[in-house]
Amino acid sequence: MKKQPGAKRHLVLVGNGMAGARLLEELLERGASDQFEITVFGDEPYGNYNRIMLSHVLAGEDGEESIYLNEIGWYAENGIELRSGVRVVDIDLPAKEVVGADGGRTAYDVVVIATGSSPHFPPMDGLRREDGSLLPGVSGFRSLDETRAMLEEARRYGTASTPAKAVVIGGGLLGLEAAKGLQNHGLDVSVIHSPAHLMNQQLDAEAGAVLRRSIEEAGISVVTGARTTGLTACTEKGRVSGVTLKDGRTFPADMVVVTAGIRPNTDVGVRAGLVVERGIVVDDQMRCVDQPLGDGDGGLGGHVFALGECAQHRGETYGLVAPLWEQATVLADVLTGADPDAAYHGSKTSTKLKVAGVDVASIGQSGPVHPEDEHVVFSDARRGLYQSVVVRDGRLVGATLLGDTRKTAALQQAFDRGLPLPEQRVELLFDLGAGGETSVEDLADDAQVCNCNGVTKGDICGAVAGGCSSVKGVMDATRAGKGCGSCKEVVGKLVEHAVAAGGGALTEDPSVHWYVPGVPLRKDELVAAIREQHLTSVSAVFAALAPGGAEDAKSKMGLTSLLRTLWPTEFVDERDARFINDRVHANIQRDGTFSVVPQMKGGVTTPDQLRRIADVADKYGVGMLKVTGGQRIDMLGVKKEDLPGVWADLDMPSGYAYGKSMRTVKTCVGTDYCRFGLGDSTALGIALEERFQGIETPAKLKLGVVGCPRNCAEAYVKDVGVVAIGNGKWEVYVGGAAGASVRKADLLATVDSPEAVIQLTGRFIQFYRTWGNWLERTYDFVPRLSIERVRLVLVEDSDGMCAQLDEEIDAACAAYRDPWKEREAPDAPGRFSAPALPLLPLPVVPRRPMGAPGGTPRDQLPVEIVMPNEEALMAGAQQ
Amino acid sequence: MTLTDTTSRTTTTAGVRVAALAEIPPGEGRAYVVQGAQVAVFHHRDGRVSAVDAVCPHSGGPLADGQIDSCVVICPLHLNTWDLRTGASTSGQAPVRVHGVAVVDAPDGPQVHVTPAR
């Protein structure tokens, strides 16, 4: 490192987890970038993420992308050097250098250790293979990589017809979260816990028993007081097959998750010669404790600090997030000199969580410790309720709430501040006489409501005073409720209270009812205005109907779709109003390349088409050829500038795998070859696809036609599904899905000819186009209106609109033009030329070995496995 | 404010010429490498131009392919948004840098010049 006189000091942070991240944020807030060059070493190859949220990712409630606190780009933006994926193995105190696993040495002026902790794997026979790695199928639950691995296994094993079995070893907080998450993926889950009751760290035996009952009622088996002594492996598959308990009992397992506690990561401290007990010992300023280094040596000289789960302060190590925030604040004050005397005095621990669907709050002591401690308990196991308080010398020293946690905020206040308690202790748990639950009014202004983001009642009231009157507005303004989300209810009540106290009324963010965010109108109002004022372009709609005529990028796609529906021929196309996929008629992928899906009506193709696809794939170095779920061939990894060439050489229409439009009609083989076929599903599928190709709809639309109720093409889970039932009859189903949601479609009608199927399908599609909200799939649209209502309107013509719907869909179908015919005369110069830029290096993606299936014959071409990210796009677009 | 008003075009040569304004369709963006920086230049419908980093800091998405209005660009990959005036993310992501951009009159029509932010 070059160093000049007067240059900034170099701060090296070892560890890029939640403690490290929080410290960085606190440092930046105090202007540390003027004092320090900052380098961060992170073991994991990511930015930093909220580890608490891994449970939500496992449970399928949140995507990975939502858990990041700071992405990799954030570091550069803040002038911080991030060395992700580099493990620090030693700190050379005399030389003041940290040593990486790669042997590289980095000089520091100040070093902070925030290495966190690792899952503890208790000794068990067969846990590891000879090379020391875990037996396949066995995992901890601590990192994003472990969560990903568990998800992959859960998906793989959870979809079998016989539920796969998962065993979670350890019935603490994390274990129960893991169990619930795996159960969400269809696994049959057992929790094996060595102590006598669940969550023994936070709960007493009685509360543990109540929790156990709730967990078991949720369908998770629980075994307590049972130590796991060994794992068995299936020699054939080379992975775990079961667990063995000390008492000889065995449990079969397709996967095992070990959540038997955490151990502070102290290796670096030990190797560096710091004082390490359970954790790296620190003083009240998070300074590591000096170890004599030899005569006359200044020792650490106050250059070495530690915080978070790897640190031990006054004999305590912490495994919760709140203490870590407090430590980061103190350390940032000390390091920047903002408050050289700042000191950390330890944290009182409390937890408020939803554990496997059960509300749990635990504050301080779980039960009486001294003989004179008062212990008030209310328990109703049948209802899953347990509440207790521990009082010592008239002060609250502990509380446990299970199943009903409404009293948490008030109890937390009493605990934190040592407030005087009511003479009738039971009033701590129940409002006697007065009625009603403890109001948020009782909270002090500096009471922290959102522990994840450190938001106080005062912050929330301040946001309301500043003009926010909706819960969403306050959450956006303060970040309250945007961490683990457990405080959302309290935030809601506080906003309600603060708004009322200010003499106002709670508002709902009105935009939730608008068709698009930039035009404050419901869909029916918007349609009426567009028709009345004859607005035929997106910019005209903004000019006429948006506040101040302001354009809103997020509204453009929805408006384009709606205008096309309303004005099949008069619509004025503005290309920039279209999403990139619709501008270039291909599906953008995460590396900026595109995927091309040629049309194959009904999934039927010809040798000639296949040859052309193969030739084009060769010519343009297509990264991967993939048969899609809709029975089409996806050509992935096409450069934008190659798109016109690809389409010209293919000379096939677009298969619409990218738009909010009719995509595919999946079919089975019907009557030509199938022994059981009752109707020619292939011919009908082709006819449907020909008629409705390219029709814009509020969200993507997928159809399926099957020749018999065996349902080989999955018509029961399509937006429109058609099933041949014999005697020339066809059932038409609507509102099905087998994507992020799974819903069996509702039977709309049974008709007696393919022509009637086509007419009814068209009528339904036009009805959905007219009344569906933007991005509302039919699986939400049909239940919203109810199938009975849809049937009345479309089959019995109760509203007299069938003829109009038929006419409108006819006009829309007649207006169809193959969008790729314009390739020879693109609307804009350079439409397909730029950008051929080197984009950011992608996350590590597994590459297939050369010549592997899916690869092209081009010898040297590395083939990237890229999943179509359409679902991610949809999820994002749903906001 | 880096949204340059083309009605008051400068005649001095500021920054590096990247394209003729006519090469960027109104309402769209194009990406260029300028002195090593990957820059997305947007030609707004009202004639103004703006420029930010071409790569979204969230997942490396091509911002030049995103949709824009007068002050926001939407990344086409995950629909995160950035304010083109400040570079700040309006969807909780890291900011992008805003680059200097000017439209300069030339005999063959207005030209877009970019001065990369340091």
# chains A, B, ... in the order shown; residues from 1 in each chain; ligands from 1

$ interface_residues --of "chain B" --to "chain A" --cutoff "8 Å" --atoms "only C-alpha atoms" --output "PyMOL selection string"
chain B and resi 23-28+30-33+38+55+57-62+64-70+72-74+76-79+93-96

$ write_last_selection --atoms "C-alpha atoms" --output "PDB file, in the first residue's frame"
ATOM      1  CA  GLU B  23     -28.772   8.380 -33.619  1.00  0.00           C
ATOM      2  CA  ILE B  24     -30.576   8.078 -30.307  1.00  0.00           C
ATOM      3  CA  PRO B  25     -34.335   7.838 -30.832  1.00  0.00           C
ATOM      4  CA  PRO B  26     -36.289  10.210 -28.573  1.00  0.00           C
ATOM      5  CA  GLY B  27     -37.377   8.443 -25.415  1.00  0.00           C
ATOM      6  CA  GLU B  28     -34.583   5.876 -25.566  1.00  0.00           C
ATOM      7  CA  ARG B  30     -27.827   4.070 -25.910  1.00  0.00           C
ATOM      8  CA  ALA B  31     -24.653   2.942 -24.175  1.00  0.00           C
ATOM      9  CA  TYR B  32     -21.137   4.102 -24.916  1.00  0.00           C
ATOM     10  CA  VAL B  33     -17.682   3.648 -23.471  1.00  0.00           C
ATOM     11  CA  GLN B  38     -19.613   2.740 -19.465  1.00  0.00           C
ATOM     12  CA  VAL B  55     -24.602  -0.747 -15.649  1.00  0.00           C
ATOM     13  CA  PRO B  57     -25.269  -1.641  -9.512  1.00  0.00           C
ATOM     14  CA  HIS B  58     -27.852  -4.154  -8.362  1.00  0.00           C
ATOM     15  CA  SER B  59     -27.173  -6.954 -10.806  1.00  0.00           C
ATOM     16  CA  GLY B  60     -25.304  -5.534 -13.759  1.00  0.00           C
ATOM     17  CA  GLY B  61     -28.343  -4.821 -15.913  1.00  0.00           C
ATOM     18  CA  PRO B  62     -28.052  -2.677 -19.069  1.00  0.00           C
ATOM     19  CA  ALA B  64     -29.527   1.986 -21.593  1.00  0.00           C
ATOM     20  CA  ASP B  65     -32.176  -0.605 -22.447  1.00  0.00           C
ATOM     21  CA  GLY B  66     -34.418   0.667 -19.654  1.00  0.00           C
ATOM     22  CA  GLN B  67     -37.514   2.787 -19.996  1.00  0.00           C
ATOM     23  CA  ILE B  68     -37.292   6.434 -18.962  1.00  0.00           C
ATOM     24  CA  ASP B  69     -39.424   9.359 -18.150  1.00  0.00           C
ATOM     25  CA  SER B  70     -38.132  12.835 -17.455  1.00  0.00           C
ATOM     26  CA  VAL B  72     -36.260   8.092 -13.840  1.00  0.00           C
ATOM     27  CA  VAL B  73     -34.737   5.104 -15.580  1.00  0.00           C
ATOM     28  CA  ILE B  74     -36.013   1.580 -14.929  1.00  0.00           C
ATOM     29  CA  PRO B  76     -34.957  -3.892 -17.528  1.00  0.00           C
ATOM     30  CA  LEU B  77     -33.749  -6.814 -15.419  1.00  0.00           C
ATOM     31  CA  HIS B  78     -35.432  -6.292 -12.059  1.00  0.00           C
ATOM     32  CA  LEU B  79     -37.250  -2.984 -12.559  1.00  0.00           C
ATOM     33  CA  GLN B  93     -30.362   0.225  -4.445  1.00  0.00           C
ATOM     34  CA  ALA B  94     -26.911   1.776  -4.543  1.00  0.00           C
ATOM     35  CA  PRO B  95     -26.674   4.989  -6.570  1.00  0.00           C
ATOM     36  CA  VAL B  96     -25.277   5.296 -10.084  1.00  0.00           C
TER      37      VAL B  96
END

$ closest_residue --among "B:Ala88, B:Ala20, B:Ala37, B:Val49" --to "Val101 in chain B" --atoms "only C-alpha atoms"
B:Val49

$ select_by_dssp --residues "range 558-601 of chain A" --states "helix (DSSP H, G or I)" --output "PyMOL selection string"
chain A and resi 558-566+575-577+580-584+601

$ residues_around --residues "Val426 in chain A" --least-positions-apart "3" --cutoff "10 Å" --atoms "only C-alpha atoms" --output "mmCIF file with all heavy atoms, in the first residue's frame"
data_model
loop_
_atom_site.group_PDB
_atom_site.id
_atom_site.type_symbol
_atom_site.label_atom_id
_atom_site.label_comp_id
_atom_site.auth_asym_id
_atom_site.auth_seq_id
_atom_site.Cartn_x
_atom_site.Cartn_y
_atom_site.Cartn_z
ATOM 1 N N VAL A 376 -45.205 -14.768 37.428
ATOM 2 C CA VAL A 376 -46.639 -14.822 37.131
ATOM 3 C C VAL A 376 -46.818 -15.504 35.787
ATOM 4 O O VAL A 376 -46.208 -15.100 34.789
ATOM 5 C CB VAL A 376 -47.229 -13.394 37.081
ATOM 6 C CG1 VAL A 376 -48.719 -13.462 36.755
ATOM 7 C CG2 VAL A 376 -46.971 -12.668 38.371
ATOM 8 N N VAL A 377 -47.646 -16.540 35.771
ATOM 9 C CA VAL A 377 -47.765 -17.346 34.551
ATOM 10 C C VAL A 377 -49.220 -17.510 34.157
ATOM 11 O O VAL A 377 -50.075 -17.769 35.000
ATOM 12 C CB VAL A 377 -47.150 -18.756 34.783
ATOM 13 C CG1 VAL A 377 -47.299 -19.604 33.522
ATOM 14 C CG2 VAL A 377 -45.701 -18.647 35.175
ATOM 15 N N PHE A 378 -49.495 -17.335 32.878
ATOM 16 C CA PHE A 378 -50.804 -17.715 32.344
ATOM 17 C C PHE A 378 -50.540 -18.682 31.198
ATOM 18 O O PHE A 378 -49.716 -18.413 30.324
ATOM 19 C CB PHE A 378 -51.553 -16.484 31.813
ATOM 20 C CG PHE A 378 -52.749 -16.853 30.970
ATOM 21 C CD1 PHE A 378 -53.921 -17.276 31.579
ATOM 22 C CD2 PHE A 378 -52.687 -16.811 29.579
ATOM 23 C CE1 PHE A 378 -55.014 -17.639 30.796
ATOM 24 C CE2 PHE A 378 -53.777 -17.165 28.811
ATOM 25 C CZ PHE A 378 -54.951 -17.585 29.421
ATOM 26 N N SER A 388 -45.800 -15.122 30.591
ATOM 27 C CA SER A 388 -45.262 -15.079 31.950
ATOM 28 C C SER A 388 -44.387 -13.850 32.125
ATOM 29 O O SER A 388 -43.845 -13.312 31.144
ATOM 30 C CB SER A 388 -44.457 -16.346 32.242
ATOM 31 O OG SER A 388 -43.164 -16.230 31.688
ATOM 32 N N VAL A 389 -44.294 -13.390 33.370
ATOM 33 C CA VAL A 389 -43.360 -12.311 33.694
ATOM 34 C C VAL A 389 -42.553 -12.718 34.924
ATOM 35 O O VAL A 389 -43.046 -13.464 35.783
ATOM 36 C CB VAL A 389 -44.080 -10.972 33.984
ATOM 37 C CG1 VAL A 389 -44.649 -10.401 32.702
ATOM 38 C CG2 VAL A 389 -45.170 -11.136 35.015
ATOM 39 N N PRO A 422 -47.274 -2.322 38.092
ATOM 40 C CA PRO A 422 -48.546 -2.294 38.805
ATOM 41 C C PRO A 422 -48.521 -3.261 39.994
ATOM 42 O O PRO A 422 -47.851 -4.297 39.930
ATOM 43 C CB PRO A 422 -49.567 -2.751 37.759
ATOM 44 C CG PRO A 422 -48.771 -3.436 36.718
ATOM 45 C CD PRO A 422 -47.413 -2.812 36.715
ATOM 46 N N GLU A 423 -49.240 -2.861 41.011
ATOM 47 C CA GLU A 423 -49.271 -3.698 42.216
ATOM 48 C C GLU A 423 -49.807 -5.090 41.868
ATOM 49 O O GLU A 423 -49.296 -6.100 42.323
ATOM 50 C CB GLU A 423 -50.148 -3.002 43.282
ATOM 51 C CG GLU A 423 -49.821 -3.339 44.718
ATOM 52 C CD GLU A 423 -48.311 -3.435 44.993
ATOM 53 O OE1 GLU A 423 -47.537 -2.497 44.684
ATOM 54 O OE2 GLU A 423 -47.928 -4.503 45.509
ATOM 55 N N LEU A 429 -49.899 -8.517 32.156
ATOM 56 C CA LEU A 429 -50.292 -9.399 31.066
ATOM 57 C C LEU A 429 -51.690 -9.112 30.553
ATOM 58 O O LEU A 429 -51.987 -9.329 29.378
ATOM 59 C CB LEU A 429 -50.220 -10.868 31.517
ATOM 60 C CG LEU A 429 -48.836 -11.331 31.955
ATOM 61 C CD1 LEU A 429 -48.907 -12.754 32.497
ATOM 62 C CD2 LEU A 429 -47.865 -11.268 30.779
ATOM 63 N N PHE A 430 -52.555 -8.651 31.445
ATOM 64 C CA PHE A 430 -53.948 -8.431 31.047
ATOM 65 C C PHE A 430 -54.415 -7.072 31.536
ATOM 66 O O PHE A 430 -53.997 -6.617 32.599
ATOM 67 C CB PHE A 430 -54.853 -9.512 31.643
ATOM 68 C CG PHE A 430 -54.441 -10.889 31.256
ATOM 69 C CD1 PHE A 430 -53.716 -11.680 32.138
ATOM 70 C CD2 PHE A 430 -54.750 -11.390 30.008
ATOM 71 C CE1 PHE A 430 -53.316 -12.938 31.765
ATOM 72 C CE2 PHE A 430 -54.349 -12.663 29.644
ATOM 73 C CZ PHE A 430 -53.630 -13.440 30.530
ATOM 74 N N ASP A 431 -55.284 -6.445 30.785
ATOM 75 C CA ASP A 431 -55.896 -5.215 31.237
ATOM 76 C C ASP A 431 -57.119 -5.580 32.051
ATOM 77 O O ASP A 431 -58.115 -6.043 31.491
ATOM 78 C CB ASP A 431 -56.277 -4.349 30.038
ATOM 79 C CG ASP A 431 -55.039 -4.006 29.249
ATOM 80 O OD1 ASP A 431 -54.203 -3.265 29.781
ATOM 81 O OD2 ASP A 431 -54.895 -4.515 28.125
ATOM 82 N N LEU A 432 -57.029 -5.422 33.321
ATOM 83 C CA LEU A 432 -58.145 -5.815 34.178
ATOM 84 C C LEU A 432 -59.103 -4.647 34.300
ATOM 85 O O LEU A 432 -58.713 -3.557 34.681
ATOM 86 C CB LEU A 432 -57.642 -6.215 35.567
ATOM 87 C CG LEU A 432 -56.633 -7.363 35.560
ATOM 88 C CD1 LEU A 432 -56.138 -7.634 36.963
ATOM 89 C CD2 LEU A 432 -57.243 -8.608 34.964
#

$ closest_residue --among "A:Arg9, A:Arg271, A:Arg51, A:His497" --to "Ser33 in chain A" --atoms "only C-alpha atoms"
A:Arg9

$ closest_residue --among "A:Leu506, A:Val519, A:Ala356, A:Val449" --to "Glu217 in chain A" --atoms "only C-alpha atoms"
A:Ala356

$ closest_residue --among "A:Ala272, A:Val464, A:Val499, A:Leu792" --to "Ala749 in chain A" --atoms "only C-alpha atoms"
A:Leu792

$ residues_around --residues "range 138-144 of chain A" --least-positions-apart "5" --cutoff "10 Å" --atoms "only C-alpha atoms" --output "JSON, numbers by chain"
{"A": [17, 44, 46, 49, 50, 51, 52, 53, 54, 55, 57, 58, 64, 67, 117, 118, 119, 120, 121, 127, 128, 133, 149, 150, 166, 167, 168, 169, 174, 175, 177, 178, 231, 239, 240, 241, 253, 254, 255, 256, 257, 258, 259, 260, 261, 262]}

$ write_last_selection --atoms "C-alpha atoms" --output "PDB file, in the first residue's frame"
ATOM      1  CA  GLY A  17     -21.627  -9.763   7.526  1.00  0.00           C
ATOM      2  CA  GLU A  44     -18.682 -14.931   0.923  1.00  0.00           C
ATOM      3  CA  TYR A  46     -21.466 -11.241  -2.198  1.00  0.00           C
ATOM      4  CA  TYR A  49     -27.092  -9.392   3.346  1.00  0.00           C
ATOM      5  CA  ASN A  50     -29.567  -9.653   6.173  1.00  0.00           C
ATOM      6  CA  ARG A  51     -28.965 -13.092   7.613  1.00  0.00           C
ATOM      7  CA  ILE A  52     -32.202 -12.950   9.589  1.00  0.00           C
ATOM      8  CA  MET A  53     -34.102 -12.945   6.321  1.00  0.00           C
ATOM      9  CA  LEU A  54     -32.682 -16.295   5.225  1.00  0.00           C
ATOM     10  CA  SER A  55     -35.607 -17.948   7.001  1.00  0.00           C
ATOM     11  CA  VAL A  57     -35.980 -16.983   1.677  1.00  0.00           C
ATOM     12  CA  LEU A  58     -36.090 -20.628   2.718  1.00  0.00           C
ATOM     13  CA  GLU A  64     -32.794 -13.637  -2.529  1.00  0.00           C
ATOM     14  CA  ILE A  67     -32.298  -9.584   1.504  1.00  0.00           C
ATOM     15  CA  SER A 117     -20.099 -17.152  13.938  1.00  0.00           C
ATOM     16  CA  SER A 118     -20.576 -20.528  12.303  1.00  0.00           C
ATOM     17  CA  PRO A 119     -23.054 -23.334  12.787  1.00  0.00           C
ATOM     18  CA  HIS A 120     -22.032 -25.773  15.450  1.00  0.00           C
ATOM     19  CA  PHE A 121     -21.979 -29.377  14.295  1.00  0.00           C
ATOM     20  CA  LEU A 127     -21.321 -36.553   9.820  1.00  0.00           C
ATOM     21  CA  ARG A 128     -18.373 -36.001   7.565  1.00  0.00           C
ATOM     22  CA  SER A 133     -16.667 -32.289   4.030  1.00  0.00           C
ATOM     23  CA  ALA A 149     -28.451 -25.587  -1.269  1.00  0.00           C
ATOM     24  CA  MET A 150     -31.336 -26.429   1.065  1.00  0.00           C
ATOM     25  CA  ALA A 166     -36.197 -33.897   6.384  1.00  0.00           C
ATOM     26  CA  VAL A 167     -34.722 -34.029   9.867  1.00  0.00           C
ATOM     27  CA  VAL A 168     -33.736 -30.826  11.634  1.00  0.00           C
ATOM     28  CA  ILE A 169     -31.269 -31.394  14.447  1.00  0.00           C
ATOM     29  CA  LEU A 174     -33.241 -21.297  13.797  1.00  0.00           C
ATOM     30  CA  GLY A 175     -34.145 -24.973  13.776  1.00  0.00           C
ATOM     31  CA  GLU A 177     -37.518 -21.669  11.168  1.00  0.00           C
ATOM     32  CA  ALA A 178     -35.708 -24.239   9.038  1.00  0.00           C
ATOM     33  CA  LEU A 231     -25.986 -40.224  10.585  1.00  0.00           C
ATOM     34  CA  ARG A 239     -25.843 -39.189   0.649  1.00  0.00           C
ATOM     35  CA  VAL A 240     -27.550 -39.097   4.003  1.00  0.00           C
ATOM     36  CA  SER A 241     -30.359 -41.572   4.538  1.00  0.00           C
ATOM     37  CA  ALA A 253     -34.067 -38.651   6.205  1.00  0.00           C
ATOM     38  CA  ASP A 254     -33.570 -37.457   2.656  1.00  0.00           C
ATOM     39  CA  MET A 255     -31.942 -34.334   4.022  1.00  0.00           C
ATOM     40  CA  VAL A 256     -30.647 -33.207   7.412  1.00  0.00           C
ATOM     41  CA  VAL A 257     -30.249 -29.648   8.636  1.00  0.00           C
ATOM     42  CA  VAL A 258     -28.089 -29.064  11.689  1.00  0.00           C
ATOM     43  CA  THR A 259     -29.085 -26.058  13.776  1.00  0.00           C
ATOM     44  CA  ALA A 260     -27.523 -26.998  17.082  1.00  0.00           C
ATOM     45  CA  GLY A 261     -26.254 -23.557  17.963  1.00  0.00           C
ATOM     46  CA  ILE A 262     -23.530 -21.274  16.718  1.00  0.00           C
TER      47      ILE A 262
END

$ select_by_dssp --residues "range 491-647 of chain A" --states "strand (DSSP E or B)" --output "list of chain:residue names"
A:Thr507, A:Val516, A:Val519, A:Asn587, A:Ile588, A:Phe594, A:Ser595, A:Val596, A:Pro598, A:Met624, A:Leu625, A:Lys626, A:Val627, A:Ile633, A:Asp634, A:Met635, A:Leu636, A:Gly637, A:Val638

$ closest_residue --among "A:Asn48, A:Thr507, A:Asn184, A:Asn451" --to "Ser470 in chain A" --atoms "only C-alpha atoms"
A:Thr507

$ residues_around --residues "range 14-18 of chain B" --least-positions-apart "5" --cutoff "7 Å" --atoms "only C-alpha atoms" --output "PyMOL selection string"
chain B and resi 32+102+111-115

$ write_last_selection --atoms "N, CA and C atoms" --output "PDB file, in the first residue's frame"
ATOM      1  N   TYR B  32     -22.433   3.823 -24.295  1.00  0.00           N
ATOM      2  CA  TYR B  32     -21.137   4.102 -24.916  1.00  0.00           C
ATOM      3  C   TYR B  32     -20.028   3.921 -23.889  1.00  0.00           C
ATOM      4  N   ALA B 102     -23.649  17.058 -22.839  1.00  0.00           N
ATOM      5  CA  ALA B 102     -24.028  18.304 -23.495  1.00  0.00           C
ATOM      6  C   ALA B 102     -24.363  18.012 -24.944  1.00  0.00           C
ATOM      7  N   GLN B 111     -24.658  17.196 -31.788  1.00  0.00           N
ATOM      8  CA  GLN B 111     -23.850  16.059 -31.363  1.00  0.00           C
ATOM      9  C   GLN B 111     -23.891  15.942 -29.836  1.00  0.00           C
ATOM     10  N   VAL B 112     -23.889  14.702 -29.356  1.00  0.00           N
ATOM     11  CA  VAL B 112     -23.909  14.481 -27.916  1.00  0.00           C
ATOM     12  C   VAL B 112     -22.468  14.319 -27.422  1.00  0.00           C
ATOM     13  N   HIS B 113     -22.130  15.130 -26.414  1.00  0.00           N
ATOM     14  CA  HIS B 113     -20.800  15.033 -25.821  1.00  0.00           C
ATOM     15  C   HIS B 113     -20.933  14.605 -24.363  1.00  0.00           C
ATOM     16  N   VAL B 114     -20.045  13.745 -23.935  1.00  0.00           N
ATOM     17  CA  VAL B 114     -20.123  13.234 -22.561  1.00  0.00           C
ATOM     18  C   VAL B 114     -18.819  13.527 -21.825  1.00  0.00           C
ATOM     19  N   THR B 115     -18.963  14.011 -20.594  1.00  0.00           N
ATOM     20  CA  THR B 115     -17.799  14.176 -19.719  1.00  0.00           C
ATOM     21  C   THR B 115     -17.967  13.187 -18.557  1.00  0.00           C
TER      22      THR B 115
END
